[in-house]
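Note: the block below is query.txt and it holds compact mmCIF, C-alpha atoms and all ligand atoms.
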# COMPACT_ATOMS: atom_id res chain seq x y z
CA MET N 1 1.92 -6.63 -25.37
CA SER N 2 4.46 -3.89 -24.97
CA ASN N 3 5.41 -3.47 -21.36
CA ARG N 4 5.89 0.27 -21.80
CA SER N 5 2.73 0.95 -23.69
CA THR N 6 0.44 3.83 -22.88
CA ASP N 7 -2.50 1.40 -22.82
CA THR N 8 -3.64 1.01 -19.30
CA PRO N 9 -5.34 -2.04 -17.84
CA ARG N 10 -9.07 -2.23 -17.35
CA ILE N 11 -10.91 -3.62 -14.33
CA GLY N 12 -14.50 -4.17 -15.34
CA PRO N 13 -15.85 -0.79 -16.48
CA TYR N 14 -12.84 1.10 -15.09
CA GLN N 15 -10.09 2.01 -17.53
CA LEU N 16 -7.25 2.68 -15.12
CA SER N 17 -5.37 5.97 -15.32
CA GLY N 18 -2.02 4.18 -15.16
CA ARG N 19 -0.25 0.92 -14.42
CA VAL N 20 0.87 1.61 -10.87
CA LEU N 21 -1.27 0.51 -7.94
CA LEU N 22 -0.78 1.20 -4.26
CA ALA N 23 -0.72 -2.04 -2.23
CA PRO N 24 -3.24 -2.31 0.59
CA MET N 25 -1.40 -2.09 3.91
CA ALA N 26 -3.24 -2.34 7.21
CA GLY N 27 -2.28 0.54 9.49
CA ILE N 28 -0.86 2.53 6.57
CA THR N 29 -3.20 2.90 3.60
CA ASP N 30 -5.77 4.94 5.45
CA GLU N 31 -7.83 7.64 3.78
CA PRO N 32 -5.15 10.38 4.04
CA PHE N 33 -2.39 8.17 2.63
CA ARG N 34 -4.60 6.81 -0.16
CA ARG N 35 -5.54 10.34 -1.18
CA LEU N 36 -1.88 11.35 -1.23
CA CYS N 37 -0.88 8.32 -3.28
CA ARG N 38 -3.72 8.78 -5.76
CA HIS N 39 -2.52 12.36 -6.18
CA PHE N 40 0.94 10.98 -6.96
CA GLY N 41 -0.30 8.68 -9.68
CA ALA N 42 -1.55 5.47 -8.06
CA ALA N 43 -4.30 4.33 -10.42
CA VAL N 44 -5.89 2.32 -7.62
CA ALA N 45 -5.42 2.50 -3.86
CA ALA N 46 -7.38 -0.16 -2.00
CA SER N 47 -8.45 0.38 1.57
CA GLU N 48 -6.77 -1.45 4.44
CA MET N 49 -8.31 -4.89 4.85
CA THR N 50 -11.62 -4.91 6.69
CA THR N 51 -12.96 -8.00 8.38
CA ALA N 52 -15.93 -9.67 6.68
CA ASP N 53 -17.51 -10.06 10.12
CA VAL N 54 -19.85 -7.08 10.05
CA SER N 55 -20.59 -7.46 13.77
CA LEU N 56 -17.09 -6.03 14.32
CA TRP N 57 -17.63 -2.96 12.16
CA ASN N 58 -18.86 -0.75 14.92
CA THR N 59 -15.44 0.02 16.38
CA PRO N 60 -13.63 3.31 15.70
CA LYS N 61 -10.92 1.35 13.89
CA SER N 62 -13.31 -0.42 11.52
CA ARG N 63 -15.28 2.76 10.94
CA ARG N 64 -12.09 4.52 9.93
CA ARG N 65 -11.11 1.63 7.67
CA LEU N 66 -14.50 1.85 6.01
CA SER N 67 -14.18 5.57 5.43
CA PHE N 68 -13.66 5.58 1.68
CA GLY N 69 -16.47 7.89 0.56
CA ASN N 70 -14.09 10.71 -0.39
CA ASP N 71 -11.71 8.48 -2.39
CA PRO N 72 -11.65 9.13 -6.12
CA THR N 73 -13.11 6.34 -8.26
CA PRO N 74 -12.55 3.51 -8.53
CA ARG N 75 -12.99 3.11 -4.77
CA VAL N 76 -11.58 -0.28 -3.84
CA VAL N 77 -12.42 -1.91 -0.52
CA GLN N 78 -10.51 -4.97 0.61
CA LEU N 79 -12.28 -7.65 2.64
CA ALA N 80 -10.68 -10.43 4.68
CA GLY N 81 -12.48 -13.53 5.90
CA SER N 82 -12.98 -17.21 5.25
CA ASP N 83 -16.72 -17.75 5.33
CA PRO N 84 -18.18 -17.45 1.80
CA GLY N 85 -21.60 -16.29 3.03
CA GLN N 86 -20.10 -13.77 5.43
CA LEU N 87 -17.79 -12.37 2.74
CA ALA N 88 -20.68 -12.13 0.29
CA GLY N 89 -22.79 -10.26 2.85
CA ALA N 90 -19.94 -7.89 3.70
CA ALA N 91 -19.33 -7.25 0.00
CA ARG N 92 -22.99 -6.30 -0.49
CA ARG N 93 -22.77 -3.93 2.47
CA VAL N 94 -19.68 -2.09 1.22
CA VAL N 95 -21.14 -1.81 -2.28
CA ASP N 96 -24.22 -0.20 -0.71
CA MET N 97 -21.80 2.17 1.04
CA GLY N 98 -20.30 3.20 -2.32
CA ALA N 99 -17.45 0.76 -3.10
CA ASP N 100 -16.72 0.47 -6.84
CA ILE N 101 -14.56 -2.65 -6.63
CA ILE N 102 -14.27 -5.38 -3.98
CA ASP N 103 -10.83 -6.87 -3.38
CA ILE N 104 -10.46 -10.15 -1.52
CA ASN N 105 -7.44 -10.63 0.68
CA MET N 106 -5.65 -13.93 0.13
CA GLY N 107 -2.24 -12.36 0.45
CA CYS N 108 -1.78 -11.38 4.05
CA PRO N 109 0.35 -13.72 6.18
CA ALA N 110 -0.38 -11.90 9.47
CA LYS N 111 -1.08 -14.35 12.28
CA LYS N 112 -4.25 -12.65 13.39
CA VAL N 113 -5.71 -13.14 9.93
CA CYS N 114 -4.33 -16.61 9.38
CA ARG N 115 -5.36 -18.05 12.73
CA ARG N 116 -8.90 -17.60 11.54
CA LEU N 117 -7.95 -19.16 8.21
CA ALA N 118 -8.12 -16.04 6.16
CA GLY N 119 -5.63 -14.07 4.08
CA SER N 120 -3.00 -16.26 2.43
CA ALA N 121 -3.85 -19.27 4.64
CA LEU N 122 -6.83 -19.80 2.33
CA LEU N 123 -4.52 -20.72 -0.55
CA GLU N 124 -4.14 -24.19 1.06
CA ASP N 125 -7.76 -24.99 0.35
CA GLU N 126 -8.59 -24.56 -3.33
CA THR N 127 -12.19 -25.73 -2.88
CA LEU N 128 -12.80 -23.06 -0.26
CA VAL N 129 -11.12 -20.46 -2.49
CA ARG N 130 -13.57 -21.36 -5.27
CA ARG N 131 -16.57 -21.18 -2.92
CA ILE N 132 -15.50 -17.79 -1.57
CA LEU N 133 -14.89 -16.27 -4.97
CA ASP N 134 -18.14 -17.69 -6.44
CA ALA N 135 -20.08 -16.33 -3.47
CA VAL N 136 -18.63 -12.82 -3.59
CA VAL N 137 -18.77 -12.46 -7.39
CA GLY N 138 -22.38 -13.70 -7.30
CA ALA N 139 -23.34 -11.30 -4.53
CA VAL N 140 -22.39 -7.96 -6.10
CA ASP N 141 -22.64 -6.32 -9.47
CA VAL N 142 -19.29 -4.53 -9.21
CA PRO N 143 -15.92 -6.03 -10.23
CA VAL N 144 -14.24 -8.32 -7.70
CA THR N 145 -10.44 -8.62 -7.63
CA LEU N 146 -8.10 -10.91 -5.72
CA LYS N 147 -4.85 -10.21 -3.87
CA MET N 148 -2.84 -13.40 -3.52
CA ARG N 149 0.57 -14.93 -3.01
CA THR N 150 2.29 -17.61 -5.10
CA GLY N 151 1.04 -20.39 -2.83
CA PRO N 152 1.07 -21.59 0.76
CA SER N 153 4.73 -22.70 0.76
CA PRO N 154 7.70 -23.29 -1.58
CA GLN N 155 6.68 -26.98 -1.67
CA HIS N 156 3.17 -26.01 -2.78
CA ARG N 157 3.17 -23.16 -5.26
CA ASN N 158 -0.37 -23.41 -6.56
CA GLY N 159 -0.61 -19.76 -7.63
CA ALA N 160 -1.34 -20.54 -11.29
CA ARG N 161 -4.17 -22.92 -10.32
CA ILE N 162 -5.62 -20.35 -7.90
CA ALA N 163 -5.43 -17.73 -10.67
CA ARG N 164 -7.43 -19.97 -13.04
CA ILE N 165 -9.99 -20.71 -10.32
CA ALA N 166 -10.29 -16.96 -9.81
CA GLN N 167 -10.71 -16.20 -13.48
CA ASP N 168 -13.33 -18.96 -13.86
CA ALA N 169 -15.22 -17.49 -10.89
CA GLY N 170 -15.38 -14.10 -12.61
CA ILE N 171 -12.56 -12.31 -10.77
CA GLN N 172 -11.54 -9.35 -12.93
CA ALA N 173 -7.91 -8.75 -11.90
CA LEU N 174 -5.21 -10.28 -9.72
CA ALA N 175 -2.43 -8.73 -7.69
CA VAL N 176 0.30 -11.25 -6.88
CA HIS N 177 2.84 -10.78 -4.12
CA GLY N 178 5.63 -13.01 -5.43
CA ARG N 179 6.26 -14.97 -2.26
CA THR N 180 4.54 -17.90 -0.62
CA ARG N 181 2.71 -17.51 2.63
CA ALA N 182 5.45 -19.47 4.43
CA CYS N 183 8.09 -17.08 3.07
CA ALA N 184 6.31 -14.10 4.68
CA TYR N 185 8.55 -11.19 3.60
CA LYS N 186 11.82 -13.13 3.49
CA GLY N 187 13.93 -14.17 0.51
CA GLU N 188 13.81 -13.13 -3.13
CA VAL N 189 10.51 -12.35 -4.80
CA GLU N 190 9.65 -15.09 -7.31
CA TYR N 191 9.06 -13.03 -10.42
CA ALA N 192 9.17 -16.21 -12.53
CA THR N 193 6.15 -17.56 -10.64
CA ILE N 194 4.31 -14.28 -11.23
CA LYS N 195 5.08 -14.74 -14.94
CA ALA N 196 3.66 -18.29 -14.84
CA ILE N 197 0.53 -16.93 -13.16
CA LYS N 198 0.21 -14.18 -15.76
CA GLU N 199 0.54 -16.76 -18.54
CA SER N 200 -2.18 -18.93 -17.04
CA VAL N 201 -4.94 -16.28 -17.25
CA THR N 202 -6.21 -13.52 -19.51
CA ILE N 203 -7.38 -11.08 -16.80
CA PRO N 204 -4.98 -8.28 -15.77
CA VAL N 205 -2.23 -9.31 -13.35
CA PHE N 206 -0.31 -6.83 -11.21
CA ALA N 207 3.15 -7.82 -9.98
CA ASN N 208 3.94 -7.04 -6.35
CA GLY N 209 6.90 -7.40 -4.03
CA ASP N 210 10.08 -5.43 -3.38
CA ILE N 211 9.62 -2.89 -6.19
CA THR N 212 11.55 0.10 -4.91
CA SER N 213 12.39 2.20 -7.98
CA ALA N 214 11.30 3.03 -11.52
CA ALA N 215 14.15 0.89 -12.91
CA LYS N 216 13.04 -2.07 -10.80
CA ALA N 217 9.44 -1.61 -11.95
CA ILE N 218 10.50 -1.72 -15.61
CA ASP N 219 12.62 -4.80 -14.93
CA VAL N 220 9.78 -6.55 -13.09
CA LEU N 221 7.33 -5.86 -15.92
CA GLN N 222 9.81 -7.25 -18.41
CA ARG N 223 10.39 -10.35 -16.33
CA THR N 224 6.76 -11.06 -15.43
CA ARG N 225 4.95 -9.62 -18.50
CA ALA N 226 2.43 -8.37 -15.93
CA ASP N 227 -0.03 -5.60 -16.79
CA GLY N 228 1.14 -3.30 -14.05
CA VAL N 229 2.92 -3.10 -10.72
CA MET N 230 1.69 -2.78 -7.17
CA ILE N 231 3.87 -0.82 -4.76
CA GLY N 232 3.68 -1.15 -0.99
CA ARG N 233 6.40 -0.31 1.51
CA ALA N 234 8.53 1.71 -0.91
CA ALA N 235 5.79 4.35 -1.17
CA CYS N 236 6.01 5.11 2.54
CA GLY N 237 7.93 8.34 3.11
CA GLN N 238 8.26 9.03 -0.63
CA PRO N 239 4.84 8.92 -2.29
CA TRP N 240 6.35 10.73 -5.30
CA LEU N 241 8.02 7.39 -6.14
CA LEU N 242 4.63 6.39 -7.57
CA THR N 243 4.83 9.27 -10.07
CA GLN N 244 8.40 8.35 -10.94
CA ILE N 245 7.32 4.78 -11.66
CA ASP N 246 4.17 5.87 -13.48
CA TYR N 247 6.17 8.19 -15.76
CA ALA N 248 8.80 5.54 -16.42
CA LEU N 249 6.19 3.01 -17.49
CA ARG N 250 4.64 5.37 -20.03
CA GLU N 251 5.81 5.39 -23.59
CA GLU N 252 6.95 9.01 -23.53
CA LYS N 253 9.59 7.98 -20.97
CA LYS N 254 9.28 11.32 -19.22
CA SER N 255 11.11 11.33 -15.94
CA PHE N 256 9.94 12.85 -12.72
CA ALA N 257 12.49 14.22 -10.31
CA VAL N 258 12.27 14.00 -6.55
CA PRO N 259 10.36 17.15 -5.56
CA GLU N 260 12.29 20.22 -4.45
CA ILE N 261 12.65 20.65 -0.71
CA SER N 262 9.94 23.35 -0.58
CA GLU N 263 7.52 21.01 -2.39
CA GLN N 264 8.43 18.20 -0.01
CA ARG N 265 7.61 20.55 2.85
CA ASP N 266 4.18 21.25 1.41
CA ILE N 267 3.51 17.54 0.83
CA VAL N 268 4.59 16.43 4.30
CA LEU N 269 2.74 19.25 6.07
CA ALA N 270 -0.44 18.61 4.11
CA HIS N 271 -0.21 14.88 4.85
CA LEU N 272 0.42 15.60 8.52
CA GLU N 273 -2.53 17.92 8.70
CA SER N 274 -4.84 15.43 7.00
CA MET N 275 -3.80 12.66 9.44
CA HIS N 276 -4.42 14.94 12.41
CA ARG N 277 -7.83 15.87 11.05
CA PHE N 278 -8.78 12.28 10.20
CA TYR N 279 -7.69 10.64 13.48
CA GLY N 280 -7.97 13.48 15.97
CA GLU N 281 -5.41 14.51 18.59
CA TYR N 282 -4.46 11.25 20.34
CA THR N 283 -4.41 8.74 17.50
CA GLY N 284 -3.40 11.38 14.96
CA VAL N 285 -0.06 11.97 16.70
CA ARG N 286 0.66 8.25 16.86
CA VAL N 287 -0.25 7.43 13.28
CA ALA N 288 1.63 10.49 12.00
CA ARG N 289 4.77 9.49 13.92
CA LYS N 290 5.43 6.45 11.78
CA HIS N 291 4.90 8.41 8.55
CA LEU N 292 7.33 11.09 9.77
CA VAL N 293 9.86 8.35 10.51
CA TRP N 294 9.49 7.09 6.94
CA TYR N 295 9.79 10.59 5.51
CA ALA N 296 12.90 11.07 7.64
CA THR N 297 14.62 8.04 6.11
CA HIS N 298 14.50 9.79 2.75
CA MET N 299 15.65 13.18 3.97
CA GLU N 300 18.97 14.82 4.47
CA CYS N 301 19.69 15.13 8.19
CA GLY N 302 16.63 12.96 8.64
CA SER N 303 17.88 11.13 11.72
CA GLN N 304 17.85 14.33 13.76
CA PHE N 305 14.44 15.28 12.49
CA ARG N 306 13.22 11.76 13.30
CA GLN N 307 14.51 11.86 16.87
CA ARG N 308 12.59 15.07 17.52
CA ALA N 309 9.48 14.14 15.59
CA VAL N 310 8.91 10.84 17.44
CA ARG N 311 9.06 12.58 20.80
CA ALA N 312 6.37 15.11 19.95
CA GLU N 313 3.32 14.47 22.12
CA SER N 314 0.77 16.70 20.42
CA THR N 315 -0.36 17.49 16.90
CA LYS N 316 0.78 21.06 17.43
CA ALA N 317 4.29 20.01 18.45
CA GLN N 318 4.53 17.60 15.51
CA MET N 319 3.56 20.40 13.12
CA ARG N 320 5.99 22.84 14.66
CA ILE N 321 8.95 20.43 14.55
CA THR N 322 8.20 19.55 10.94
CA GLN N 323 7.84 23.20 9.92
CA GLU N 324 11.07 24.04 11.70
CA TYR N 325 12.97 21.22 10.04
CA PHE N 326 11.95 22.40 6.59
CA ALA N 327 12.52 26.07 7.46
CA ARG N 328 16.08 25.20 8.42
CA ARG N 329 16.63 23.01 5.38
CA ILE N 330 15.34 25.76 3.11
CA SER N 331 17.06 28.73 4.69
CA GLY N 332 20.17 26.84 5.77
CA ASP N 333 21.36 26.14 9.28
CA ARG N 334 23.49 29.23 9.44
CA ALA N 335 20.58 31.50 8.65
CA ALA N 336 18.52 29.67 11.23
CA THR N 337 21.19 30.11 13.88
CA ALA N 338 21.45 33.81 13.01
CA LEU N 339 17.75 34.00 13.70
CA GLY N 340 18.44 32.64 17.16
CA LEU N 341 16.83 29.23 16.67
CA PRO N 342 18.12 26.89 19.36
CA TRP N 343 19.75 23.95 17.60
CA LYS N 344 21.14 22.70 14.33
CA TRP N 345 19.56 19.96 12.25
CA CYS N 346 22.64 19.05 10.33
CA ASP N 347 25.35 18.63 12.93
CA GLY N 348 25.22 14.83 13.06
CA GLU N 349 27.66 12.46 11.38
CA ASN N 350 25.29 10.91 8.91
CA ASN N 351 23.44 13.59 7.05
CA GLU N 352 22.69 11.50 3.98
CA PRO N 353 19.19 10.24 3.38
CA GLN N 354 19.00 6.50 4.07
CA LYS N 355 17.48 5.75 0.70
CA GLU N 356 19.03 2.36 0.15
CA LYS N 357 18.27 1.04 3.60
CA ARG N 358 15.74 -1.77 3.25
CA ARG N 359 13.10 -1.75 5.92
CA GLY N 360 12.00 -5.03 7.40
CA THR N 361 8.36 -5.63 8.02
CA GLY N 362 8.99 -6.09 11.74
CA ASN N 363 9.11 -2.36 12.16
CA PHE N 364 5.95 -1.94 10.17
CA GLY N 365 4.20 -4.50 12.36
CA GLN N 366 5.33 -2.90 15.61
CA GLN N 367 4.44 0.56 14.43
CA GLN N 368 1.10 -0.75 13.31
CA LYS N 369 0.40 -2.17 16.77
CA ALA N 370 1.44 1.07 18.35
CA SER N 371 -1.03 2.94 16.19
CA ALA N 372 -3.91 0.51 16.46
CA ALA N 373 -5.67 2.63 19.00
C1 LIG R 401 2.36 -3.21 7.34
C2 LIG R 401 1.78 -4.00 6.23
C3 LIG R 401 0.43 -4.22 6.18
C4 LIG R 401 -0.13 -4.96 5.14
N1 LIG R 401 -1.47 -5.11 5.07
C5 LIG R 401 -2.04 -5.75 4.03
C6 LIG R 401 -3.47 -5.78 3.89
O1 LIG R 401 -4.22 -5.22 4.67
N2 LIG R 401 -3.96 -6.47 2.82
C7 LIG R 401 -3.14 -7.09 1.90
O2 LIG R 401 -3.65 -7.70 0.95
N3 LIG R 401 -1.80 -7.04 2.00
C8 LIG R 401 -1.23 -6.37 3.03
N4 LIG R 401 0.12 -6.24 3.10
C9 LIG R 401 0.96 -6.78 2.01
C10 LIG R 401 1.22 -5.68 0.94
O3 LIG R 401 0.01 -5.35 0.28
C11 LIG R 401 2.25 -6.15 -0.11
O4 LIG R 401 1.76 -7.31 -0.72
C12 LIG R 401 3.61 -6.45 0.51
O5 LIG R 401 4.02 -5.43 1.39
C13 LIG R 401 4.69 -6.64 -0.57
O6 LIG R 401 4.80 -5.49 -1.36
P1 LIG R 401 6.02 -4.42 -1.15
O7 LIG R 401 7.31 -5.19 -1.18
O8 LIG R 401 5.88 -3.46 -2.30
O9 LIG R 401 5.80 -3.80 0.20
C14 LIG R 401 0.69 -5.53 4.13
C15 LIG R 401 2.07 -5.31 4.19
C16 LIG R 401 2.63 -4.55 5.20
C17 LIG R 401 4.10 -4.31 5.23
The structure in this file should be written as structure tokens.
Ligand SMILES: Cc1cc2nc3c(=O)[nH]c(=O)nc-3n(C[C@H](O)[C@H](O)[C@H](O)COP(=O)(O)O)c2cc1C
Amino acid sequence: MSNRSTDTPRIGPYQLSGRVLLAPMAGITDEPFRRLCRHFGAAVAASEMTTADVSLWNTPKSRRRLSFGNDPTPRVVQLAGSDPGQLAGAARRVVDMGADIIDINMGCPAKKVCRRLAGSALLEDETLVRRILDAVVGAVDVPVTLKMRTGPSPQHRNGARIARIAQDAGIQALAVHGRTRACAYKGEVEYATIKAIKESVTIPVFANGDITSAAKAIDVLQRTRADGVMIGRAACGQPWLLTQIDYALREEKKSFAVPEISEQRDIVLAHLESMHRFYGEYTGVRVARKHLVWYATHMECGSQFRQRAVRAESTKAQMRITQEYFARRISGDRAATALGLPWKWCDGENNEPQKEKRRGTGNFGQQQKASAA
């Protein structure tokens, strides 16, 4: 298989539009962000994980997580749990609600998930993995996919065995974060293990972990021979990266430049507005804050924008600060000052975007907690 072919992978009846998937990220891949990332070329954008315990679905948070009706097809809903019957029942429910594909979470190392033996903690118990996958595949007539890691720990990398169990159970695609559960987000991603997993099955495999550029995506596909890539943290604050990767993986090798500043303005403002609409005033401001911080890390003079944006206490103030930042960037600080606007954006020492700065997941976790209203 050519790793730069125009052929796209298939998940059950769905011929994907490309080879770039958005990774599910709790607290991030909500309906507004999924819509944005699908617009920028993500062939699939799964929902944030939802608990398989349907008795917990009646909270505002779960209801928002299960709001996928406006997503373009294929609509992928991720479920997390450890009880095969419970997962099967939850899968039936979300299919009735309109899900096109069910994804099972065996990739998340978060304590809250793992304390209940779910997420990547399940990889320890291959018998339970088999029971869960058999139960869910048997319960629904839509494709079921699996998100996994390379194993529970570096001493126990059973990813290839889990992949075969999954394929035998009827799982139709795998996404593999190339780290063990014990490694969390630390250390190098094991692309060689992803390759071994890919070689052990015939279903599509998507490589995930630390892919931050089109060049890295091409390199990872060459190293893993995977069918596509899954992008998580790197899409935050620069969703156009997905288009850049998508273009680079297509045979025509077209490239896609970072959007002009006026286009960036339109993208950020539209995203901001959709978050405000989706979450309402209180939660909307808090969820939008973290996205503005991520946008700021990719912008010139972003640190000054960030400082102001995080202090905004209302949706209106957040909008105004964002509009003002872009107005100044577009017209230039001097023009803005001539207009009598009160301060300069670009008078700090470090006006360069912080593109190369790698973000740890600690920040993501904290910001997630802050927004889990
Ligand atoms: C804040 C955050 C939340 C996440 N939530 C989920 C989740 O709900 N389900 C899941 O399968 N993986 C989850 N992940 C893992 C990502 O899907 C992905 O595997 C991981 O971030 C590695 O990819 P990346 O290096 O491209 O970010 C989460 C990761 C982060 C940083």
Requested in this report: Give the residues close to ligand LIG 401 (chain R), within 7 Å, counting all atoms listed in the file; write them as a PyMOL selection string.
Outcome: chain N and resi 23-28+48-49+105-108+147+177+208-211+230-234+361+364-365+368
Query raised in the report: Expressed in Å to a single decimal, how great is the separation between atom CA of Tyr185 of chain N and atom CA of Ala43 of chain N?
Result: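 Rounded to one decimal, the two atoms are 24.5 Å apart.
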Query - Counting all atoms listed in the file, the residue of N:Pro13, N:Pro74, N:Gly89, N:Gly69 that sits nearest Ala45 of chain N - result: N:Pro74
**Report entry** Nearest residue to Val176 of chain N from the set N:Phe206, N:Phe33, N:Trp240, N:Phe326 (distances using only C-alpha atoms)
**Finding:**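 Under the stated criterion, the closest residue is N:Phe206.
Among the candidates N:Glu31, N:Asp134, N:Asp141, N:Asp71, the residue lying nearest to Val95 of chain N is N:Asp141 (atoms considered: all atoms listed in the file).
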With all atoms listed in the file counted and 12 Å as the cut-off, give the residues of segment 143-226 of chain N in contact with segment 250-269 of chain N, each with its shortest interatomic distance in Å and the pair that gives it, as JSON lines.
{"residue": "N:Ser213", "atom": "CA", "partner": "N:Val258", "partner_atom": "CA", "distance": 11.9}
{"residue": "N:Ala214", "atom": "CA", "partner": "N:Ser255", "partner_atom": "CA", "distance": 9.4}
{"residue": "N:Ala215", "atom": "CA", "partner": "N:Ser255", "partner_atom": "CA", "distance": 11.3}
{"residue": "N:Ala217", "atom": "CA", "partner": "N:Arg250", "partner_atom": "CA", "distance": 11.7}
{"residue": "N:Ile218", "atom": "CA", "partner": "N:Arg250", "partner_atom": "CA", "distance": 10.2}
Query raised in the report: Taking all atoms listed in the file into account, which of N:Gln167, N:Thr50, N:Gln78, N:Gln86 comes nearest Arg65 of chain N?
Result: N:Thr50
Report task. Considering all atoms listed in the file, state which residue in the set N:Ile203, N:Ile245, N:Leu21, N:Cys236 is at the smallest distance from Lys216 of chain N. Result -> N:Ile245
Query - One-decimal distance in Å that lies between atom CA of Gln304 of chain N and atom CA of Gly280 of chain N - result: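 Those two atoms sit 25.9 Å apart.
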What box, with edges along x, y and z, holds each listed atom of segment 265-277 of chain N when 4 Å is added on every side, and can you state its centre and edge lengths in Å to one decimal, as AutoDock Vina command-line options?
--center_x -0.1 --center_y 17.0 --center_z 6.6 --size_x 23.4 --size_y 16.6 --size_z 19.6
Query - Distance criterion (only C-alpha atoms): nearest to Ala88 of chain N out of N:Ala173, N:Leu146, N:Val136, N:Ala327 - result: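 With only C-alpha atoms as the atom set, the closest residue is N:Val136.
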Requested in this report: Around the point (-13.0, -12.0, -5.5), in the coordinates given by the file, pick out the residues reaching within 9 Å, counting only C-alpha atoms, and return them as a PyMOL selection string.
Outcome: chain N and resi 102-105+132-137+143-147+166+169-173
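Atom CA of Met319 of chain N is found 17.7 Å from atom CA of Cys301 of chain N.
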Report task. Write out as a ChimeraX atom specification each polymer residue whose atoms come within 8 Å of segment 294-297 of chain N, counting only C-alpha atoms; drop sequence neighbours fewer than 3 positions from it. Result -> /N:236-238,268,290-291,300-303,305-306,353-355
Within 10 Å of file point (-11.4, -2.2, 13.2), counting only C-alpha atoms, expressed as a PDB file with C-alpha atoms, in the coordinates of the input:
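Output file point.pdb is given in full below:
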ATOM      1  CA  GLU N  48      -6.770  -1.450   4.440  1.00  0.00           C
ATOM      2  CA  MET N  49      -8.310  -4.890   4.850  1.00  0.00           C
ATOM      3  CA  THR N  50     -11.620  -4.910   6.690  1.00  0.00           C
ATOM      4  CA  THR N  51     -12.960  -8.000   8.380  1.00  0.00           C
ATOM      5  CA  LEU N  56     -17.090  -6.030  14.320  1.00  0.00           C
ATOM      6  CA  TRP N  57     -17.630  -2.960  12.160  1.00  0.00           C
ATOM      7  CA  ASN N  58     -18.860  -0.750  14.920  1.00  0.00           C
ATOM      8  CA  THR N  59     -15.440   0.020  16.380  1.00  0.00           C
ATOM      9  CA  PRO N  60     -13.630   3.310  15.700  1.00  0.00           C
ATOM     10  CA  LYS N  61     -10.920   1.350  13.890  1.00  0.00           C
ATOM     11  CA  SER N  62     -13.310  -0.420  11.520  1.00  0.00           C
ATOM     12  CA  ARG N  63     -15.280   2.760  10.940  1.00  0.00           C
ATOM     13  CA  ARG N  64     -12.090   4.520   9.930  1.00  0.00           C
ATOM     14  CA  ARG N  65     -11.110   1.630   7.670  1.00  0.00           C
ATOM     15  CA  LEU N  66     -14.500   1.850   6.010  1.00  0.00           C
ATOM     16  CA  ALA N 372      -3.910   0.510  16.460  1.00  0.00           C
ATOM     17  CA  ALA N 373      -5.670   2.630  19.000  1.00  0.00           C
TER      18      ALA N 373
END
